[in-house]
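Have a look at start32.cif below; it lists mmCIF, C-alpha atoms.
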data_query
loop_
_atom_site.label_atom_id
_atom_site.label_comp_id
_atom_site.auth_asym_id
_atom_site.auth_seq_id
_atom_site.Cartn_x
_atom_site.Cartn_y
_atom_site.Cartn_z
CA MET H 1 -16.98 -3.70 -3.27
CA SER H 2 -20.55 -2.91 -4.22
CA GLY H 3 -20.62 -0.07 -6.74
CA SER H 4 -16.92 -0.32 -7.60
CA ARG H 5 -15.75 0.04 -11.17
CA VAL H 6 -14.58 -3.16 -12.87
CA GLN H 7 -10.81 -2.97 -13.34
CA TYR H 8 -10.25 -6.34 -15.01
CA ARG H 9 -12.61 -8.86 -16.58
CA LEU H 10 -11.22 -12.23 -17.63
CA GLU H 11 -13.36 -14.48 -19.80
CA ASN H 12 -12.15 -18.06 -20.33
CA LEU H 13 -8.60 -16.69 -20.27
CA GLN H 14 -6.01 -19.05 -21.73
CA ARG H 15 -2.29 -18.91 -22.32
CA TYR H 16 -0.99 -22.05 -23.98
CA TYR H 17 2.54 -22.82 -25.09
CA TYR H 18 3.34 -25.38 -27.75
CA GLN H 19 6.42 -27.60 -27.73
CA GLY H 20 6.10 -29.87 -30.71
CA ALA H 21 2.99 -31.96 -30.11
CA GLU H 22 2.90 -31.03 -26.40
CA VAL H 23 0.56 -28.31 -25.15
CA ILE H 24 1.53 -26.53 -21.91
CA LYS H 25 -1.53 -24.88 -20.38
CA ALA H 26 0.03 -22.12 -18.27
CA ILE H 27 -3.35 -20.38 -17.86
CA ASP H 28 -6.34 -22.58 -18.55
CA GLY H 29 -9.78 -21.03 -18.72
CA ILE H 30 -9.82 -18.44 -15.92
CA GLU H 31 -13.06 -16.52 -15.33
CA LEU H 32 -12.56 -13.58 -12.99
CA THR H 33 -13.59 -10.00 -12.28
CA ILE H 34 -11.34 -7.66 -10.28
CA ASN H 35 -12.89 -4.40 -9.10
CA SER H 36 -11.15 -1.07 -8.67
CA GLY H 37 -9.68 -0.73 -5.18
CA GLU H 38 -9.35 -4.44 -4.45
CA PHE H 39 -6.21 -6.02 -2.99
CA VAL H 40 -5.89 -9.42 -4.65
CA ALA H 41 -3.26 -11.88 -3.43
CA VAL H 42 -2.44 -14.77 -5.76
CA LEU H 43 -0.96 -17.95 -4.30
CA GLY H 44 0.00 -21.27 -5.79
CA PRO H 45 2.82 -23.79 -6.09
CA SER H 46 5.77 -23.33 -8.42
CA GLY H 47 4.64 -23.77 -12.01
CA SER H 48 1.00 -23.00 -11.25
CA GLY H 49 0.88 -20.05 -13.67
CA LYS H 50 1.24 -17.13 -11.24
CA THR H 51 3.87 -15.17 -13.18
CA THR H 52 2.14 -15.82 -16.50
CA PHE H 53 -1.08 -14.54 -14.91
CA LEU H 54 0.60 -11.28 -13.84
CA ASN H 55 2.28 -10.86 -17.23
CA LEU H 56 -1.11 -11.12 -18.93
CA LEU H 57 -2.66 -8.56 -16.58
CA ALA H 58 0.25 -6.19 -17.22
CA GLY H 59 0.02 -6.56 -20.98
CA LEU H 60 3.53 -8.03 -21.08
CA ASP H 61 2.22 -11.25 -22.62
CA LYS H 62 -0.76 -12.01 -24.86
CA ASN H 63 -3.41 -14.63 -24.27
CA THR H 64 -3.89 -17.43 -26.78
CA GLY H 65 -7.59 -17.84 -26.02
CA GLY H 66 -10.45 -16.10 -24.27
CA SER H 67 -10.43 -12.40 -23.41
CA ILE H 68 -8.81 -10.07 -20.91
CA TYR H 69 -10.31 -6.64 -20.49
CA PHE H 70 -8.65 -3.77 -18.66
CA GLU H 71 -11.63 -1.56 -17.90
CA ASP H 72 -13.27 -1.49 -21.34
CA CYS H 73 -10.17 -2.35 -23.40
CA ASN H 74 -9.62 -5.85 -24.78
CA LEU H 75 -5.85 -6.11 -24.30
CA LEU H 76 -5.45 -8.66 -27.10
CA LYS H 77 -6.77 -6.15 -29.62
CA LEU H 78 -4.44 -3.31 -28.62
CA SER H 79 -1.29 -2.44 -30.53
CA ASP H 80 2.13 -2.67 -28.88
CA SER H 81 2.12 1.13 -28.62
CA GLU H 82 -1.27 1.16 -26.90
CA LEU H 83 -0.17 -1.55 -24.47
CA CYS H 84 2.97 0.45 -23.73
CA ASP H 85 0.81 3.49 -22.90
CA ILE H 86 -1.30 1.44 -20.46
CA ARG H 87 1.83 0.13 -18.71
CA GLN H 88 3.30 3.61 -18.64
CA PHE H 89 0.32 5.45 -17.18
CA ASP H 90 -2.20 2.95 -15.76
CA ILE H 91 -0.15 0.05 -14.35
CA GLY H 92 2.82 0.18 -11.98
CA ILE H 93 4.96 -2.94 -11.57
CA ILE H 94 6.91 -3.96 -8.47
CA PHE H 95 9.59 -6.58 -9.12
CA GLN H 96 10.85 -9.22 -6.68
CA PHE H 97 14.49 -8.45 -7.47
CA TYR H 98 14.01 -4.67 -7.65
CA ASN H 99 15.15 -4.12 -11.27
CA MET H 100 16.87 -0.85 -10.35
CA HIS H 101 19.27 0.95 -12.67
CA PRO H 102 22.63 0.48 -10.89
CA SER H 103 24.10 3.82 -11.97
CA PHE H 104 21.06 5.85 -10.89
CA THR H 105 20.52 7.11 -7.36
CA ALA H 106 17.35 6.10 -5.49
CA GLN H 107 15.71 9.38 -6.51
CA GLU H 108 16.75 9.00 -10.15
CA ASN H 109 15.31 5.47 -10.22
CA VAL H 110 11.98 6.86 -9.01
CA GLU H 111 12.14 9.68 -11.55
CA TYR H 112 12.94 7.36 -14.46
CA PRO H 113 9.31 6.42 -15.41
CA MET H 114 8.46 10.11 -15.42
CA MET H 115 11.44 10.86 -17.65
CA ILE H 116 10.06 8.35 -20.16
CA SER H 117 6.67 10.05 -19.86
CA LYS H 118 8.34 13.40 -20.60
CA VAL H 119 7.39 14.96 -17.28
CA THR H 120 9.36 18.16 -16.73
CA ARG H 121 12.42 17.98 -14.51
CA ASP H 122 10.97 20.15 -11.76
CA LYS H 123 7.71 18.18 -11.63
CA ARG H 124 9.36 14.77 -11.59
CA GLN H 125 11.82 15.84 -8.88
CA THR H 126 8.96 17.16 -6.76
CA ARG H 127 6.94 13.96 -7.30
CA ALA H 128 9.89 11.67 -6.55
CA THR H 129 10.75 13.62 -3.40
CA SER H 130 7.16 13.37 -2.17
CA LEU H 131 7.01 9.61 -2.83
CA LEU H 132 10.33 8.93 -1.11
CA GLN H 133 9.09 10.87 1.91
CA GLN H 134 5.81 8.94 1.96
CA ILE H 135 7.51 5.55 1.97
CA GLY H 136 10.05 6.58 4.58
CA ILE H 137 13.26 6.47 2.58
CA TYR H 138 13.90 10.12 1.72
CA ASP H 139 17.18 10.07 3.64
CA LYS H 140 18.50 7.49 1.13
CA ARG H 141 17.59 9.50 -1.97
CA GLU H 142 21.23 10.06 -3.04
CA ASN H 143 22.29 6.44 -2.45
CA PHE H 144 22.94 4.06 -5.31
CA PRO H 145 21.31 0.59 -5.33
CA ALA H 146 24.52 -1.11 -4.15
CA GLU H 147 24.36 1.09 -1.03
CA LEU H 148 20.79 0.08 -0.12
CA SER H 149 19.46 -2.90 1.81
CA GLY H 150 16.88 -5.23 0.28
CA GLY H 151 14.05 -3.55 2.15
CA GLU H 152 15.26 -0.11 1.07
CA LYS H 153 15.51 -1.21 -2.56
CA GLN H 154 11.96 -2.55 -2.46
CA ARG H 155 10.69 0.74 -1.01
CA VAL H 156 12.34 2.54 -3.91
CA GLY H 157 10.69 0.01 -6.24
CA ILE H 158 7.28 0.82 -4.76
CA ALA H 159 7.88 4.56 -5.14
CA ARG H 160 8.94 4.01 -8.76
CA ALA H 161 5.78 1.96 -9.44
CA LEU H 162 3.71 4.88 -8.11
CA ALA H 163 5.61 7.54 -10.06
CA ASN H 164 3.05 8.08 -12.83
CA ASP H 165 0.09 7.68 -10.43
CA PRO H 166 -1.21 4.42 -11.95
CA LYS H 167 -4.61 2.88 -11.27
CA VAL H 168 -3.17 -0.58 -10.63
CA ILE H 169 -0.07 -1.89 -8.88
CA ILE H 170 1.09 -5.37 -9.94
CA ALA H 171 3.57 -6.92 -7.52
CA ASP H 172 5.47 -10.11 -8.36
CA GLU H 173 6.69 -11.64 -5.07
CA PRO H 174 7.54 -8.19 -3.63
CA THR H 175 8.69 -9.73 -0.33
CA GLY H 176 10.32 -12.84 -1.73
CA ASP H 177 13.89 -11.58 -1.26
CA LEU H 178 13.31 -9.97 2.16
CA ASP H 179 13.57 -11.09 5.78
CA SER H 180 10.35 -11.37 7.80
CA GLU H 181 10.62 -7.91 9.36
CA ASN H 182 11.13 -6.12 6.06
CA ALA H 183 8.50 -8.30 4.37
CA GLU H 184 5.90 -7.27 6.94
CA ALA H 185 6.86 -3.60 6.52
CA ILE H 186 6.41 -3.85 2.74
CA ILE H 187 3.00 -5.51 3.12
CA GLN H 188 1.89 -2.76 5.50
CA LEU H 189 3.04 -0.16 2.97
CA LEU H 190 1.08 -1.90 0.19
CA LEU H 191 -2.01 -2.05 2.42
CA LYS H 192 -1.72 1.69 3.03
CA ILE H 193 -1.43 2.34 -0.71
CA ASN H 194 -4.47 0.13 -1.29
CA SER H 195 -6.45 2.02 1.37
CA GLU H 196 -5.79 5.19 -0.63
CA GLY H 197 -7.61 3.73 -3.63
CA LYS H 198 -5.06 1.80 -5.70
CA THR H 199 -5.93 -1.65 -6.99
CA ILE H 200 -3.18 -4.09 -5.99
CA ILE H 201 -2.62 -7.54 -7.47
CA MET H 202 0.19 -9.40 -5.74
CA VAL H 203 1.75 -12.82 -6.13
CA THR H 204 3.19 -14.25 -2.94
CA HIS H 205 4.30 -17.62 -1.64
CA ASP H 206 4.10 -16.55 2.02
CA GLU H 207 0.66 -17.17 3.53
CA SER H 208 1.74 -15.56 6.80
CA LEU H 209 1.59 -12.16 5.05
CA LEU H 210 -2.07 -12.47 4.08
CA THR H 211 -4.59 -10.21 5.80
CA GLU H 212 -8.35 -9.92 5.95
CA GLU H 213 -8.22 -6.92 3.61
CA MET H 214 -7.02 -9.18 0.78
CA ARG H 215 -9.01 -11.27 -1.63
CA ILE H 216 -7.17 -14.58 -2.01
CA LEU H 217 -6.87 -16.57 -5.24
CA HIS H 218 -5.18 -19.98 -5.34
CA LEU H 219 -3.84 -21.03 -8.73
CA VAL H 220 -3.19 -24.69 -9.50
CA ASP H 221 -2.25 -25.89 -12.99
CA GLY H 222 -3.34 -22.62 -14.55
CA LYS H 223 -6.79 -22.67 -12.97
CA ILE H 224 -8.29 -20.93 -9.95
CA ALA H 225 -8.59 -23.81 -7.51
CA TYR H 226 -10.36 -21.76 -4.87
CA ARG H 227 -10.78 -18.18 -3.76
CA THR H 228 -12.08 -15.96 -1.01
CA MET H 229 -14.66 -13.36 -1.91
#

Please re-express this file's structure in structure tokens.
Amino acid sequence: MSGSRVQYRLENLQRYYYQGAEVIKAIDGIELTINSGEFVAVLGPSGSGKTTFLNLLAGLDKNTGGSIYFEDCNLLKLSDSELCDIRQFDIGIIFQFYNMHPSFTAQENVEYPMMISKVTRDKRQTRATSLLQQIGIYDKRENFPAELSGGEKQRVGIARALANDPKVIIADEPTGDLDSENAEAIIQLLLKINSEGKTIIMVTHDESLLTEEMRILHLVDGKIAYRTM
């Protein structure tokens, strides 16, 4: 990654929770740089801090110590409105359990982030159509979520995450609810998206899905226990 732009810089990152006199150290002093175009896979046992880590990167949660920079922006110092803008335009999120609007068709679910961004109807329909074609689910564009399989729903979720052409895709267990065949297909799709220049940060529990293209981080008790370069 020589010459790549720094996407994230974490300096002694901490996220502590307080329950009376007890301190829960969900994230405990992480030092890390993630460059633009990397595919980072985060592993760790239940309770290791993986979801908290992703929430901090997405600006959905705020650190209680240290610093987290997205490019040159210290996320802790941004207003809620500024954080919302980053999530809307710079970061796409893929959810394990899809998070689709049940009364929207597949195409409408993909269009939804663009509706929020006030993209014109013609432009968002064209963009959604193109994304659904790229991920191989265009023939399901008029189906509602209840009419889609798990793998199909996750493909729609990926298209939705790409809708506003973000710099970063954050994926929280994107294959966790899928069988092995669909899980492998989703990983291959994410690898293709990464090869086209998107930074991808993914939490997974399934080591069989890891590839040599990925940089691996292992979280244990809120710390990076070990990593591959």

For the interface of segment 3-90 of chain H with segment 173-180 of chain H (cut-off 12 Å, counting all atoms listed in the file), please tabulate each contacting residue of segment 3-90 of chain H alongside its nearest pair of atoms and their separation in Å to one decimal, rows sorted by chain and increasing number, as a tab-separated table.
residue	atom	partner	partner_atom	distance
H:Ala41	CA	H:Glu173	CA	10.1
H:Val42	CA	H:Glu173	CA	9.7
H:Leu43	CA	H:Glu173	CA	9.9
H:Gly44	CA	H:Glu173	CA	11.7
H:Lys50	CA	H:Glu173	CA	9.9
H:Thr51	CA	H:Glu173	CA	9.3
H:Leu54	CA	H:Glu173	CA	10.7

Checklist line | Non-local contacts of Ile158 of chain H (12 Å; all atoms listed in the file; under 2 positions in same chain excluded) as JSON, numbers by chain | finding: {"H": [92, 93, 94, 95, 96, 98, 99, 100, 106, 109, 110, 128, 131, 132, 134, 135, 136, 137, 151, 152, 153, 154, 155, 156, 160, 161, 162, 163, 164, 165, 166, 169, 170, 171, 172, 174, 175, 186, 187, 189, 190, 192, 193, 200]}

Next item on the list: Could you state which residues are captured by the PyMOL selection byres ((chain H and resi 10-24) around 8) in this file, as a list in words?
Entry: Tyr8, Arg9, Lys25, Ala26, Ile27, Asp28, Gly29, Ile30, Glu31, Leu32, Thr33, Thr52, Lys62, Asn63, Thr64, Gly65, Gly66, Ser67, Ile68 and Tyr69 of chain H

Next item on the list: Could you tell me how far atom CA of Leu219 of chain H lies from atom CA of Pro45 of chain H, in Å and to one decimal?
Entry: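 Computed distance, atom CA of Leu219 of chain H to atom CA of Pro45 of chain H, equals 7.7 Å.
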
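If you look at atom CA of Asn194 of chain H and atom CA of Phe39 of chain H, they are 6.6 Å away from each other.
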
Margin query: I need the residue nearest Asn35 of chain H from this list: H:Thr129, H:Gln88, H:Asn74, H:Thr199. Use only C-alpha atoms for the distance.
Written below: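 Answer, going by the shortest atom-to-atom distance: H:Thr199.
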
Item checked: Pairwise distance for atom CA of Ile34 of chain H and atom CA of Tyr112 of chain H, rounded to one decimal in Å ->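 Atom-to-atom, atom CA of Ile34 of chain H to atom CA of Tyr112 of chain H, that is 28.9 Å.
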
Notebook entry, point to check: Leaving out Ser208 of chain H and any residue of its chain fewer than 3 positions from it, which residues lie within 10 Å of it when counting all atoms listed in the file, given as a ChimeraX atom specification?
Noted result: /H:180,184,204-205,211

Check: So, counting all atoms listed in the file, which residue among H:Gly47, H:Ala183, H:Cys84, H:Thr105 is closest to Glu207 of chain H?
Finding: H:Ala183

Next item on the list: Would you list the residues near (-3.0, -9.7, -12.8) (no more than 8 Å away, in the coordinates of the file, using only C-alpha atoms) as a ChimeraX atom specification?
Entry: /H:53-58,170,201-202

Check: Pick the closest to Met114 of chain H from H:Leu78, H:Cys73, H:Ala159, H:Leu191: which is it, counting all atoms listed in the file?
Finding: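 Residue with the minimum atom-to-atom distance to Met114 of chain H: H:Ala159.
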
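Of the residues listed (H:Ser195, H:Ser149, H:Ser130, H:Gln188), H:Ser149 shows the shortest atom-to-atom separation from Phe97 of chain H; distances use only C-alpha atoms.
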
For segment 85-116 of chain H, supply N, CA and C atoms and report the output as a PDB file, in the frame of the given file.
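Generated file (rebuild17.pdb):
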ATOM      1  N   ASP H  85       1.435   2.331 -23.566  1.00  0.00           N
ATOM      2  CA  ASP H  85       0.810   3.490 -22.900  1.00  0.00           C
ATOM      3  C   ASP H  85       0.093   3.057 -21.623  1.00  0.00           C
ATOM      4  N   ILE H  86      -0.600   1.921 -21.652  1.00  0.00           N
ATOM      5  CA  ILE H  86      -1.300   1.440 -20.460  1.00  0.00           C
ATOM      6  C   ILE H  86      -0.297   1.124 -19.355  1.00  0.00           C
ATOM      7  N   ARG H  87       0.811   0.449 -19.718  1.00  0.00           N
ATOM      8  CA  ARG H  87       1.830   0.130 -18.710  1.00  0.00           C
ATOM      9  C   ARG H  87       2.502   1.394 -18.181  1.00  0.00           C
ATOM     10  N   GLN H  88       2.615   2.386 -19.036  1.00  0.00           N
ATOM     11  CA  GLN H  88       3.300   3.610 -18.640  1.00  0.00           C
ATOM     12  C   GLN H  88       2.463   4.460 -17.686  1.00  0.00           C
ATOM     13  N   PHE H  89       1.152   4.510 -17.926  1.00  0.00           N
ATOM     14  CA  PHE H  89       0.320   5.450 -17.180  1.00  0.00           C
ATOM     15  C   PHE H  89      -0.687   4.791 -16.233  1.00  0.00           C
ATOM     16  N   ASP H  90      -1.111   3.560 -16.528  1.00  0.00           N
ATOM     17  CA  ASP H  90      -2.200   2.950 -15.760  1.00  0.00           C
ATOM     18  C   ASP H  90      -1.758   1.816 -14.835  1.00  0.00           C
ATOM     19  N   ILE H  91      -0.599   1.214 -15.104  1.00  0.00           N
ATOM     20  CA  ILE H  91      -0.150   0.050 -14.350  1.00  0.00           C
ATOM     21  C   ILE H  91       1.277   0.259 -13.862  1.00  0.00           C
ATOM     22  N   GLY H  92       1.476   0.146 -12.546  1.00  0.00           N
ATOM     23  CA  GLY H  92       2.820   0.180 -11.980  1.00  0.00           C
ATOM     24  C   GLY H  92       3.239  -1.229 -11.582  1.00  0.00           C
ATOM     25  N   ILE H  93       4.485  -1.583 -11.844  1.00  0.00           N
ATOM     26  CA  ILE H  93       4.960  -2.940 -11.570  1.00  0.00           C
ATOM     27  C   ILE H  93       6.056  -2.916 -10.515  1.00  0.00           C
ATOM     28  N   ILE H  94       5.894  -3.774  -9.506  1.00  0.00           N
ATOM     29  CA  ILE H  94       6.910  -3.960  -8.470  1.00  0.00           C
ATOM     30  C   ILE H  94       7.547  -5.329  -8.686  1.00  0.00           C
ATOM     31  N   PHE H  95       8.865  -5.353  -8.803  1.00  0.00           N
ATOM     32  CA  PHE H  95       9.590  -6.580  -9.120  1.00  0.00           C
ATOM     33  C   PHE H  95      10.181  -7.205  -7.851  1.00  0.00           C
ATOM     34  N   GLN H  96      10.262  -8.537  -7.834  1.00  0.00           N
ATOM     35  CA  GLN H  96      10.850  -9.220  -6.680  1.00  0.00           C
ATOM     36  C   GLN H  96      12.303  -8.809  -6.476  1.00  0.00           C
ATOM     37  N   PHE H  97      13.061  -8.728  -7.573  1.00  0.00           N
ATOM     38  CA  PHE H  97      14.490  -8.450  -7.470  1.00  0.00           C
ATOM     39  C   PHE H  97      14.823  -7.016  -7.866  1.00  0.00           C
ATOM     40  N   TYR H  98      13.841  -6.121  -7.648  1.00  0.00           N
ATOM     41  CA  TYR H  98      14.010  -4.670  -7.650  1.00  0.00           C
ATOM     42  C   TYR H  98      14.162  -4.053  -9.031  1.00  0.00           C
ATOM     43  N   ASN H  99      15.025  -4.623  -9.897  1.00  0.00           N
ATOM     44  CA  ASN H  99      15.150  -4.120 -11.270  1.00  0.00           C
ATOM     45  C   ASN H  99      15.532  -2.639 -11.310  1.00  0.00           C
ATOM     46  N   MET H 100      16.429  -2.240 -10.408  1.00  0.00           N
ATOM     47  CA  MET H 100      16.870  -0.850 -10.350  1.00  0.00           C
ATOM     48  C   MET H 100      18.043  -0.616 -11.295  1.00  0.00           C
ATOM     49  N   HIS H 101      18.128   0.583 -11.832  1.00  0.00           N
ATOM     50  CA  HIS H 101      19.270   0.950 -12.670  1.00  0.00           C
ATOM     51  C   HIS H 101      20.464   1.186 -11.749  1.00  0.00           C
ATOM     52  N   PRO H 102      21.544   0.408 -11.870  1.00  0.00           N
ATOM     53  CA  PRO H 102      22.630   0.480 -10.890  1.00  0.00           C
ATOM     54  C   PRO H 102      23.381   1.792 -10.855  1.00  0.00           C
ATOM     55  N   SER H 103      23.364   2.552 -11.953  1.00  0.00           N
ATOM     56  CA  SER H 103      24.100   3.820 -11.970  1.00  0.00           C
ATOM     57  C   SER H 103      23.229   5.025 -11.665  1.00  0.00           C
ATOM     58  N   PHE H 104      21.966   4.784 -11.301  1.00  0.00           N
ATOM     59  CA  PHE H 104      21.060   5.850 -10.890  1.00  0.00           C
ATOM     60  C   PHE H 104      20.943   5.846  -9.370  1.00  0.00           C
ATOM     61  N   THR H 105      20.811   7.028  -8.783  1.00  0.00           N
ATOM     62  CA  THR H 105      20.520   7.110  -7.360  1.00  0.00           C
ATOM     63  C   THR H 105      19.073   6.631  -7.109  1.00  0.00           C
ATOM     64  N   ALA H 106      18.718   6.486  -5.831  1.00  0.00           N
ATOM     65  CA  ALA H 106      17.350   6.100  -5.490  1.00  0.00           C
ATOM     66  C   ALA H 106      16.350   7.086  -6.095  1.00  0.00           C
ATOM     67  N   GLN H 107      16.630   8.380  -5.955  1.00  0.00           N
ATOM     68  CA  GLN H 107      15.710   9.380  -6.510  1.00  0.00           C
ATOM     69  C   GLN H 107      15.640   9.290  -8.022  1.00  0.00           C
ATOM     70  N   GLU H 108      16.754   9.088  -8.684  1.00  0.00           N
ATOM     71  CA  GLU H 108      16.750   9.000 -10.150  1.00  0.00           C
ATOM     72  C   GLU H 108      15.997   7.759 -10.621  1.00  0.00           C
ATOM     73  N   ASN H 109      16.075   6.660  -9.865  1.00  0.00           N
ATOM     74  CA  ASN H 109      15.310   5.470 -10.220  1.00  0.00           C
ATOM     75  C   ASN H 109      13.816   5.740 -10.138  1.00  0.00           C
ATOM     76  N   VAL H 110      13.391   6.512  -9.139  1.00  0.00           N
ATOM     77  CA  VAL H 110      11.980   6.860  -9.010  1.00  0.00           C
ATOM     78  C   VAL H 110      11.560   7.820 -10.128  1.00  0.00           C
ATOM     79  N   GLU H 111      12.449   8.703 -10.500  1.00  0.00           N
ATOM     80  CA  GLU H 111      12.140   9.680 -11.550  1.00  0.00           C
ATOM     81  C   GLU H 111      12.083   9.054 -12.945  1.00  0.00           C
ATOM     82  N   TYR H 112      12.752   7.920 -13.123  1.00  0.00           N
ATOM     83  CA  TYR H 112      12.940   7.360 -14.460  1.00  0.00           C
ATOM     84  C   TYR H 112      11.627   7.157 -15.240  1.00  0.00           C
ATOM     85  N   PRO H 113      10.567   6.560 -14.638  1.00  0.00           N
ATOM     86  CA  PRO H 113       9.310   6.420 -15.410  1.00  0.00           C
ATOM     87  C   PRO H 113       8.738   7.755 -15.843  1.00  0.00           C
ATOM     88  N   MET H 114       8.961   8.779 -15.042  1.00  0.00           N
ATOM     89  CA  MET H 114       8.460  10.110 -15.420  1.00  0.00           C
ATOM     90  C   MET H 114       9.301  10.737 -16.518  1.00  0.00           C
ATOM     91  N   MET H 115      10.595  10.409 -16.548  1.00  0.00           N
ATOM     92  CA  MET H 115      11.440  10.860 -17.650  1.00  0.00           C
ATOM     93  C   MET H 115      10.921  10.291 -18.971  1.00  0.00           C
ATOM     94  N   ILE H 116      10.585   8.990 -18.957  1.00  0.00           N
ATOM     95  CA  ILE H 116      10.060   8.350 -20.160  1.00  0.00           C
ATOM     96  C   ILE H 116       8.748   9.002 -20.586  1.00  0.00           C
TER      97      ILE H 116
END
